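**Q** Just so it is clear, I am handing over query.csv, which has CSV, C-alpha atoms.
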```
chain,number,residue,atom,x,y,z
F,1,MET,CA,1.9,18.6,-8.2
F,2,GLU,CA,1.3,19.1,-11.9
F,3,ALA,CA,-1.8,21.1,-12.8
F,4,VAL,CA,-4.6,19.0,-13.9
F,5,SER,CA,-6.8,21.9,-15.0
F,6,ALA,CA,-7.7,20.3,-18.2
F,7,LEU,CA,-8.6,17.1,-16.5
F,8,ASP,CA,-7.2,14.1,-18.3
F,9,LEU,CA,-9.7,11.5,-19.3
F,10,ASP,CA,-8.5,9.1,-16.6
F,11,ALA,CA,-9.1,11.6,-13.9
F,12,GLN,CA,-12.6,12.3,-15.3
F,13,LEU,CA,-13.3,8.5,-15.3
F,14,MET,CA,-12.0,8.3,-11.7
F,15,LEU,CA,-14.4,11.1,-10.7
F,16,ARG,CA,-17.2,9.1,-12.1
F,17,VAL,CA,-16.0,6.1,-10.2
F,18,ARG,CA,-16.2,8.3,-7.1
F,19,GLU,CA,-19.9,8.8,-7.9
F,20,GLY,CA,-20.4,5.1,-8.0
F,21,ASP,CA,-20.0,4.4,-11.7
F,22,ASN,CA,-18.3,1.0,-11.9
F,23,ASP,CA,-18.2,1.0,-15.7
F,24,SER,CA,-15.8,3.9,-15.6
F,25,PHE,CA,-13.6,1.8,-13.3
F,26,ARG,CA,-13.7,-1.1,-15.8
F,27,LEU,CA,-12.5,1.3,-18.5
F,28,LEU,CA,-9.6,2.4,-16.3
F,29,LEU,CA,-8.8,-1.2,-15.6
F,30,GLU,CA,-8.8,-2.1,-19.3
F,31,LYS,CA,-6.6,0.8,-20.2
F,32,HIS,CA,-4.0,0.5,-17.5
F,33,ARG,CA,-4.0,-3.2,-16.6
F,34,ASN,CA,-1.3,-4.2,-19.0
F,35,PRO,CA,1.2,-1.4,-18.4
F,36,LEU,CA,0.8,-1.8,-14.7
F,37,VAL,CA,1.3,-5.6,-14.7
F,38,HIS,CA,4.3,-5.3,-17.0
F,39,PHE,CA,5.9,-2.6,-14.8
F,40,LEU,CA,5.4,-4.9,-11.8
F,41,GLN,CA,6.7,-7.9,-13.7
F,42,ARG,CA,9.9,-6.2,-14.5
F,43,MET,CA,10.1,-4.7,-11.0
F,44,VAL,CA,9.6,-7.9,-8.9
F,45,GLN,CA,10.5,-10.4,-11.7
F,46,ASP,CA,7.9,-12.8,-10.5
F,47,ALA,CA,4.9,-13.3,-12.9
F,48,GLY,CA,2.5,-14.6,-10.2
F,49,ALA,CA,3.4,-12.0,-7.6
F,50,SER,CA,3.3,-9.2,-10.1
F,51,GLU,CA,-0.4,-9.9,-10.9
F,52,GLU,CA,-1.3,-10.1,-7.3
F,53,LEU,CA,0.5,-6.8,-6.7
F,54,ALA,CA,-1.3,-5.2,-9.7
F,55,GLN,CA,-4.6,-6.3,-8.3
F,56,GLU,CA,-3.6,-4.8,-5.0
F,57,VAL,CA,-3.0,-1.5,-6.7
F,58,PHE,CA,-6.4,-1.5,-8.4
F,59,LEU,CA,-8.0,-2.6,-5.2
F,60,ARG,CA,-6.4,0.4,-3.4
F,61,ILE,CA,-7.5,2.7,-6.2
F,62,TYR,CA,-11.1,1.4,-5.9
F,63,ARG,CA,-11.0,1.6,-2.2
F,64,SER,CA,-10.0,5.2,-2.2
F,65,ARG,CA,-12.5,6.3,-4.8
F,66,ALA,CA,-14.7,8.2,-2.3
F,67,SER,CA,-11.8,10.5,-1.3
F,68,TYR,CA,-10.3,10.8,-4.8
F,69,GLU,CA,-9.2,14.3,-5.8
F,70,PRO,CA,-7.5,14.8,-9.2
F,71,SER,CA,-4.5,16.7,-7.8
F,72,ALA,CA,-2.1,14.7,-10.0
F,73,LYS,CA,-2.3,12.9,-13.3
F,74,PHE,CA,-4.1,9.5,-12.8
F,75,THR,CA,-1.1,7.5,-14.1
F,76,THR,CA,1.3,9.3,-11.8
F,77,TRP,CA,-1.0,8.4,-8.8
F,78,MET,CA,-1.4,4.8,-10.0
F,79,PHE,CA,2.4,4.4,-10.4
F,80,ARG,CA,3.0,5.9,-7.0
F,81,ILE,CA,0.8,3.2,-5.4
F,82,ALA,CA,2.4,0.6,-7.6
F,83,SER,CA,5.9,1.7,-6.6
F,84,HIS,CA,4.9,1.6,-2.9
F,85,VAL,CA,3.5,-1.8,-3.2
F,86,ALA,CA,6.5,-3.1,-5.2
F,87,LEU,CA,9.1,-1.5,-2.9
F,88,ASN,CA,7.4,-3.0,0.1
F,89,TRP,CA,7.3,-6.4,-1.6
F,90,LEU,CA,11.0,-6.2,-2.4
F,91,ARG,CA,11.8,-5.0,1.1
F,92,ASP,CA,10.3,-8.1,2.5
F,93,GLU,CA,13.3,-10.3,3.2
F,94,LYS,CA,11.4,-13.5,2.4
F,95,HIS,CA,10.5,-12.2,-1.0
F,96,GLU,CA,14.0,-10.8,-1.5
F,97,ARG,CA,15.4,-14.2,-1.1
F,98,ALA,CA,12.8,-15.8,-3.4
F,99,ALA,CA,13.6,-13.2,-6.0
F,100,GLU,CA,17.3,-14.0,-5.7
F,101,ARG,CA,16.4,-17.6,-6.2
F,102,ILE,CA,14.3,-17.0,-9.3
F,103,ASP,CA,16.7,-14.5,-10.8
F,104,GLY,CA,18.8,-17.4,-11.6
F,105,PRO,CA,18.0,-19.8,-14.4
F,106,GLY,CA,14.6,-20.5,-12.8
F,107,ILE,CA,13.1,-17.1,-13.7
F,108,ALA,CA,13.0,-17.8,-17.4
F,109,GLY,CA,11.1,-21.0,-16.8
F,110,LYS,CA,8.7,-19.2,-14.4
F,111,LYS,CA,8.0,-16.4,-16.8
F,112,GLN,CA,7.5,-18.8,-19.7
F,113,ALA,CA,5.1,-20.7,-17.5
F,114,GLY,CA,3.2,-17.5,-17.1
F,115,ARG,CA,3.1,-16.9,-20.9
F,116,GLY,CA,1.7,-20.4,-21.6
F,117,GLU,CA,2.1,-21.6,-25.1
F,118,ASP,CA,2.8,-18.1,-26.5
F,119,ALA,CA,6.2,-17.9,-25.0
F,120,PRO,CA,8.9,-16.8,-25.6
F,121,ALA,CA,8.2,-13.5,-27.3
F,122,ARG,CA,11.0,-13.9,-29.9
F,123,GLU,CA,9.2,-16.9,-31.2
F,124,ILE,CA,6.3,-14.8,-32.1
F,125,ARG,CA,8.4,-12.4,-34.1
F,126,ASP,CA,10.6,-15.0,-35.8
F,127,ARG,CA,8.3,-17.6,-37.0
F,128,HIS,CA,10.9,-20.4,-37.0
F,129,PRO,CA,13.8,-19.5,-34.8
F,130,SER,CA,16.5,-22.1,-34.6
F,131,VAL,CA,17.4,-23.6,-31.3
F,132,GLU,CA,20.6,-21.6,-31.3
F,133,GLN,CA,18.7,-18.3,-31.9
F,134,THR,CA,16.3,-19.2,-29.1
F,135,LEU,CA,19.2,-19.9,-26.7
F,136,VAL,CA,21.0,-16.7,-27.7
F,137,TYR,CA,17.8,-14.7,-27.1
F,138,GLU,CA,17.1,-16.4,-23.8
F,139,ASN,CA,20.7,-15.7,-22.6
F,140,LYS,CA,20.3,-12.1,-23.6
F,141,LEU,CA,17.0,-11.8,-21.8
F,142,GLN,CA,18.5,-13.3,-18.8
F,143,GLU,CA,21.4,-10.8,-18.8
F,144,ILE,CA,18.9,-8.0,-19.1
F,145,ARG,CA,16.8,-9.3,-16.2
F,146,ASP,CA,19.9,-9.9,-14.0
F,147,SER,CA,21.1,-6.3,-14.8
F,148,ILE,CA,17.8,-4.8,-13.7
F,149,ALA,CA,17.6,-7.1,-10.7
F,150,VAL,CA,21.0,-5.9,-9.3
F,151,LEU,CA,19.8,-2.3,-9.3
F,152,PRO,CA,18.7,-0.9,-6.0
F,153,ALA,CA,14.9,-1.0,-5.8
F,154,LYS,CA,14.4,2.7,-6.3
F,155,GLN,CA,16.8,3.0,-9.2
F,156,ARG,CA,15.0,0.0,-10.7
F,157,ALA,CA,11.6,1.7,-10.4
F,158,ALA,CA,13.0,4.9,-11.8
F,159,VAL,CA,14.5,3.2,-14.9
F,160,LEU,CA,11.4,1.1,-15.6
F,161,MET,CA,9.1,4.2,-15.4
F,162,HIS,CA,11.5,6.2,-17.5
F,163,LYS,CA,12.2,3.5,-20.1
F,164,TYR,CA,9.0,1.6,-20.5
F,165,GLU,CA,6.3,3.9,-19.2
F,166,GLU,CA,8.0,7.0,-20.8
F,167,MET,CA,7.2,9.1,-17.8
F,168,GLU,CA,8.7,12.5,-17.3
F,169,TYR,CA,11.2,13.3,-14.5
F,170,SER,CA,8.5,15.2,-12.7
F,171,GLN,CA,6.1,12.3,-12.8
F,172,ILE,CA,8.7,9.8,-11.7
F,173,ALA,CA,9.5,12.2,-8.8
F,174,GLN,CA,5.9,12.3,-7.7
F,175,ALA,CA,5.6,8.5,-8.0
F,176,LEU,CA,8.7,7.9,-6.0
F,177,GLU,CA,8.0,10.8,-3.6
F,178,CYS,CA,11.3,12.5,-4.2
F,179,SER,CA,12.7,15.6,-6.0
F,180,GLU,CA,13.4,15.7,-9.7
F,181,SER,CA,17.1,16.1,-9.1
F,182,ALA,CA,17.0,12.9,-7.0
F,183,VAL,CA,15.2,11.1,-9.8
F,184,LYS,CA,18.0,12.3,-12.3
F,185,SER,CA,20.6,11.1,-9.9
F,186,LEU,CA,18.8,7.7,-9.6
F,187,LEU,CA,18.6,7.4,-13.3
F,188,PHE,CA,22.3,8.4,-13.9
F,189,ARG,CA,23.5,5.8,-11.5
F,190,ALA,CA,21.1,3.2,-12.8
F,191,TYR,CA,22.0,3.7,-16.5
F,192,GLU,CA,25.7,3.8,-15.6
F,193,THR,CA,25.4,0.3,-14.2
F,194,LEU,CA,23.3,-0.8,-17.2
F,195,ARG,CA,25.8,0.6,-19.6
F,196,MET,CA,28.6,-1.3,-18.0
F,197,ARG,CA,26.6,-4.5,-18.0
F,198,LEU,CA,24.5,-4.4,-21.1
F,199,ALA,CA,26.2,-2.2,-23.8
F,200,HIS,CA,28.0,-5.2,-25.2
F,201,LEU,CA,24.7,-6.9,-26.0
F,202,ALA,CA,23.4,-4.5,-28.7
X,1,MET,CA,33.1,2.6,-20.2
X,2,ASP,CA,33.2,4.3,-16.9
X,3,ILE,CA,33.5,8.0,-16.8
X,4,PRO,CA,32.9,9.7,-13.5
X,5,ALA,CA,30.2,12.3,-13.6
X,6,THR,CA,32.5,15.1,-12.4
X,7,GLU,CA,35.0,14.4,-15.2
X,8,PHE,CA,32.1,14.4,-17.7
X,9,HIS,CA,31.0,17.9,-16.7
X,10,MET,CA,34.6,19.2,-16.4
X,11,THR,CA,35.0,18.9,-20.2
X,12,ASN,CA,32.1,21.3,-20.9
X,13,CYS,CA,30.1,18.4,-22.3
X,14,PRO,CA,26.3,18.5,-22.2
X,15,SER,CA,24.6,17.4,-19.0
X,16,GLU,CA,23.9,13.7,-18.6
X,17,ASP,CA,20.2,14.1,-18.6
X,18,LEU,CA,20.6,15.5,-22.2
X,19,LEU,CA,22.3,12.3,-23.1
X,20,LEU,CA,19.4,10.3,-21.5
X,21,ASP,CA,16.9,12.4,-23.3
X,22,TYR,CA,18.8,12.0,-26.6
X,23,ALA,CA,18.9,8.2,-26.3
X,24,ALA,CA,15.2,8.2,-25.3
X,25,GLY,CA,14.3,10.3,-28.3
X,26,HIS,CA,12.9,13.1,-26.2
X,27,LEU,CA,15.0,15.9,-27.7
X,28,ASP,CA,13.6,18.1,-30.4
X,29,PRO,CA,15.4,17.8,-33.7
X,30,ALA,CA,17.5,21.0,-33.2
X,31,GLN,CA,18.7,19.9,-29.7
X,32,ALA,CA,19.4,16.4,-31.0
X,33,ALA,CA,21.5,17.8,-33.9
X,34,GLN,CA,23.4,20.0,-31.5
X,35,PHE,CA,24.2,17.1,-29.3
X,36,GLU,CA,25.3,15.0,-32.3
X,37,ARG,CA,27.6,17.7,-33.5
X,38,HIS,CA,29.2,17.8,-30.0
X,39,ALA,CA,29.4,14.0,-29.7
X,40,ASP,CA,31.0,13.8,-33.2
X,41,SER,CA,33.9,15.9,-31.9
X,42,CYS,CA,34.1,14.5,-28.3
X,43,ALA,CA,35.3,11.0,-27.8
X,44,ARG,CA,33.8,10.7,-24.3
X,45,CYS,CA,30.4,11.8,-25.4
X,46,ALA,CA,30.6,9.6,-28.6
X,47,GLU,CA,31.2,6.6,-26.4
X,48,LEU,CA,28.5,7.5,-23.9
X,49,ARG,CA,26.0,8.1,-26.8
X,50,ALA,CA,26.9,4.7,-28.3
X,51,SER,CA,26.6,2.8,-25.0
X,52,GLN,CA,23.5,4.5,-23.8
X,53,SER,CA,21.8,3.9,-27.2
X,54,ALA,CA,22.9,0.3,-27.0
X,55,VAL,CA,21.3,-0.1,-23.5
X,56,TRP,CA,18.2,1.6,-24.8
X,57,LEU,CA,17.9,-0.9,-27.7
X,58,THR,CA,18.7,-3.9,-25.5
X,59,LEU,CA,16.1,-3.0,-23.0
X,60,ASP,CA,13.5,-2.9,-25.8
X,61,GLU,CA,14.0,-6.6,-26.2
X,62,TRP,CA,12.6,-7.4,-22.8
X,63,GLU,CA,9.1,-8.2,-23.6
X,64,PRO,CA,6.8,-8.8,-20.7
X,65,ALA,CA,4.6,-11.8,-20.3
X,66,PRO,CA,0.9,-11.5,-21.2
X,67,VAL,CA,-1.5,-10.8,-18.4
X,68,SER,CA,-3.6,-13.8,-17.2
X,69,GLU,CA,-7.0,-14.1,-18.7
X,70,ASN,CA,-8.7,-14.3,-15.3
X,71,PHE,CA,-7.0,-11.1,-14.0
X,72,ASN,CA,-10.2,-9.0,-14.1
X,73,ARG,CA,-12.3,-11.8,-12.6
X,74,GLU,CA,-9.9,-12.3,-9.8
X,75,LEU,CA,-9.7,-8.5,-9.2
X,76,TRP,CA,-13.5,-8.2,-9.0
X,77,ARG,CA,-13.6,-11.2,-6.6
X,78,ARG,CA,-11.1,-9.4,-4.4
X,79,ILE,CA,-13.0,-6.1,-4.6
X,80,ASP,CA,-16.3,-7.8,-3.7
X,81,ALA,CA,-14.6,-9.6,-0.8
X,82,ASP,CA,-13.0,-6.4,0.4
X,83,GLU,CA,-16.3,-4.5,0.2
X,84,ALA,CA,-18.1,-7.2,2.1
X,85,SER,CA,-15.4,-7.3,4.8
X,86,ARG,CA,-15.4,-3.6,5.1
X,87,GLN,CA,-19.2,-3.5,5.6
X,88,ARG,CA,-18.8,-6.3,8.2
X,89,GLY,CA,-16.0,-4.3,9.7
X,90,TRP,CA,-18.2,-1.2,9.9
X,91,GLY,CA,-21.0,-3.2,11.5
X,92,GLU,CA,-18.6,-4.7,14.1
X,93,THR,CA,-17.0,-1.3,14.7
X,94,LEU,CA,-20.5,0.2,15.3
X,95,LYS,CA,-21.4,-2.7,17.5
X,96,SER,CA,-18.2,-2.5,19.5
X,97,ALA,CA,-18.6,1.3,19.7
X,98,PHE,CA,-22.1,0.7,21.0
X,99,TRP,CA,-21.0,-1.7,23.6
X,100,LYS,CA,-18.0,0.5,24.5
X,101,ARG,CA,-20.4,3.2,25.3
X,102,ILE,CA,-23.1,1.1,26.9
X,103,ALA,CA,-20.8,-1.0,29.1
X,104,PRO,CA,-19.6,1.9,31.4
X,105,LEU,CA,-23.2,3.2,31.6
X,106,GLY,CA,-24.4,-0.2,32.6
X,107,LEU,CA,-21.7,-0.6,35.1
X,108,ALA,CA,-22.4,2.9,36.6
X,109,ALA,CA,-26.1,2.0,36.7
X,110,ALA,CA,-25.4,-1.3,38.5
X,111,VAL,CA,-23.2,0.5,41.0
X,112,LEU,CA,-25.8,3.2,41.6
X,113,THR,CA,-28.5,0.6,42.1
X,114,GLY,CA,-26.3,-1.3,44.5
X,115,VAL,CA,-25.7,1.8,46.6
X,116,LEU,CA,-29.4,2.6,46.6
X,117,VAL,CA,-30.4,-0.9,47.7
X,118,VAL,CA,-27.8,-0.8,50.5
X,119,ASN,CA,-29.1,2.6,51.6
X,120,HIS,CA,-32.6,1.4,51.4
X,121,SER,CA,-32.0,-1.8,53.4
X,122,ASP,CA,-30.1,0.3,56.0
X,123,ARG,CA,-33.2,2.3,57.0
X,124,PRO,CA,-35.5,-0.6,57.9
X,125,THR,CA,-32.7,-2.1,59.9
X,126,ALA,CA,-32.5,1.1,61.9
X,127,LYS,CA,-36.3,1.1,62.5
X,128,ALA,CA,-36.5,-2.5,63.5
X,129,PRO,CA,-34.7,-2.1,66.8
X,130,SER,CA,-37.0,0.8,67.7
X,131,MET,CA,-40.0,-1.5,67.2
X,132,VAL,CA,-38.3,-4.1,69.3
X,133,VAL,CA,-37.5,-1.4,71.9
X,134,THR,CA,-41.2,-0.5,71.9
X,135,ALA,CA,-42.2,-4.0,72.8
X,136,THR,CA,-39.5,-4.1,75.4
X,137,ASP,CA,-40.6,-0.8,76.9
X,138,ALA,CA,-44.1,-2.1,77.5
X,139,ASP,CA,-42.8,-5.0,79.5
X,140,GLN,CA,-40.3,-2.8,81.3
X,141,LEU,CA,-43.0,-0.2,82.0
X,142,GLU,CA,-45.2,-3.0,83.5
X,143,ARG,CA,-42.3,-4.3,85.5
X,144,THR,CA,-41.5,-0.7,86.7
X,145,LEU,CA,-45.1,-0.2,87.7
X,146,ASP,CA,-45.1,-3.4,89.6
X,147,ASP,CA,-41.8,-2.4,91.3
X,148,ILE,CA,-43.3,1.0,92.3
X,149,GLN,CA,-46.4,-0.7,93.7
X,150,LEU,CA,-44.2,-3.1,95.6
X,151,LEU,CA,-42.2,-0.2,97.1
X,152,HIS,CA,-45.4,1.5,98.2
X,153,GLU,CA,-46.5,-1.7,99.9
X,154,VAL,CA,-43.1,-1.9,101.6
X,155,ASP,CA,-43.3,1.7,102.6
X,156,ALA,CA,-46.7,1.2,104.0
X,157,THR,CA,-45.7,-1.9,105.9
X,158,THR,CA,-42.7,-0.2,107.5
X,159,ALA,CA,-44.6,2.9,108.4
X,160,THR,CA,-47.4,1.1,110.2
X,161,PRO,CA,-45.3,-0.4,113.3
X,162,GLU,CA,-43.9,3.1,114.0
X,163,LYS,CA,-47.5,4.4,114.3
X,164,VAL,CA,-48.3,1.5,116.5
X,165,MET,CA,-45.3,2.1,118.6
```
Transcribe the structure of this file into structure tokens.
**A**
Amino acid sequence: MEAVSALDLDAQLMLRVREGDNDSFRLLLEKHRNPLVHFLQRMVQDAGASEELAQEVFLRIYRSRASYEPSAKFTTWMFRIASHVALNWLRDEKHERAAERIDGPGIAGKKQAGRGEDAPAREIRDRHPSVEQTLVYENKLQEIRDSIAVLPAKQRAAVLMHKYEEMEYSQIAQALECSESAVKSLLFRAYETLRMRLAHLA
Amino acid sequence: MDIPATEFHMTNCPSEDLLLDYAAGHLDPAQAAQFERHADSCARCAELRASQSAVWLTLDEWEPAPVSENFNRELWRRIDADEASRQRGWGETLKSAFWKRIAPLGLAAAVLTGVLVVNHSDRPTAKAPSMVVTATDADQLERTLDDIQLLHEVDATTATPEKVM
């Protein structure tokens, strides 16, 4: 466990939540909602399910407020719960089959439906993308999603925490409840797969 | 590009986590420069550096969907429902704990009462025959007295002829 001697702000807020201060919980929610939902979106690749799972994570955090002890960084604790929830979801055979279905062409449509009229993201950056540009971007995005989806669940979680959450090896190890060397091994294998599948896209 | 990890280390190249840290921009400038100098003279590391950096840039393009506007509202609804169900759960647990404790006590009390009632009802039953016996004794005593008197009369009757004779 990392030392949390100089309590990070999140841990301080959580201690106040433990005392019954719901406003502190609202602050934590505002701060971590987007990173958490985005991690789960990439993890389970189902916009609707990812929000439900993120709510489940916050619900568990709120539920365990009375027994909260800041023994680890708040985000590490939060991502440990999130990984647990996501790995369980992926382990479920029914969801696994659903994920395989939507990993196909359907997933783009589903994610776009989640975005509403703002989607896709490239359209925001390039004000007037051509149809061809949009198609190229969508294909590229699909290859990225597929490449992440083929990774074993734990490798996937490790890569997403390393790449998008910029977590250190020790934090990822705590979140996935394994050793740092195991995390490095997960990352090496995952990035090896991704290099084979994605390097040509850059 | 597929270099086995063992081969990678056999060539005295930097460890693979250094490559990951380099691509992630986590190395300090001196370490990054050292790695670059090595990669410039090593074909394998140059290829790994290029492909890992490419993967890193490609993954940057995967932008997540925005979070629903009603996310917080829905979360608070779930929290409220959860709190309410937990309170109900506690009430039910307490109730069931109460009944779990009370039920054996009640059963024990019922059994004890039953035993007492049976014992109590046994005693009058034992006395009742004695009362009956008492009534019977009075009749019997009367009959016995009658019998004794009859015997005396018989004795007297049988003794008288002998005296006569």
**Q** Using only C-alpha atoms, can you tell me which of F:Ala54, F:Arg42, F:His32, F:Glu143 comes closest to F:Met196?
**A** F:Glu143
**Q** What residues in chain F lie within 8 Å of chain X, counting all atoms listed in the file, written as JSON, numbers by chain?
**A** {"F": [34, 37, 38, 41, 42, 47, 51, 55, 58, 59, 62, 111, 112, 114, 115, 119, 121, 141, 144, 163, 184, 188, 191, 192, 194, 195, 196, 198, 199, 200, 201, 202]}
**Q** List the neighbours of F:Gln174 out to 9 Å using all atoms listed in the file; skip same-chain residues closer than 6 positions along the sequence, and give me the result as a list in words.
**A**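 Contacts, with the query itself left out: Met1, Ala72, Thr76, Trp77, Arg80 and Glu180 of chain F.
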**Q** What is the atom CA of F:Lys31 to atom CA of F:Met14 distance in Å?
**A** 12.6 Å
**Q** Neighbours of F:Ser67 within 12 Å (all atoms listed in the file; same-chain residues fewer than 4 positions away dropped), as a PyMOL selection string?
**A** chain F and resi 14-15+17-19+60-63+71
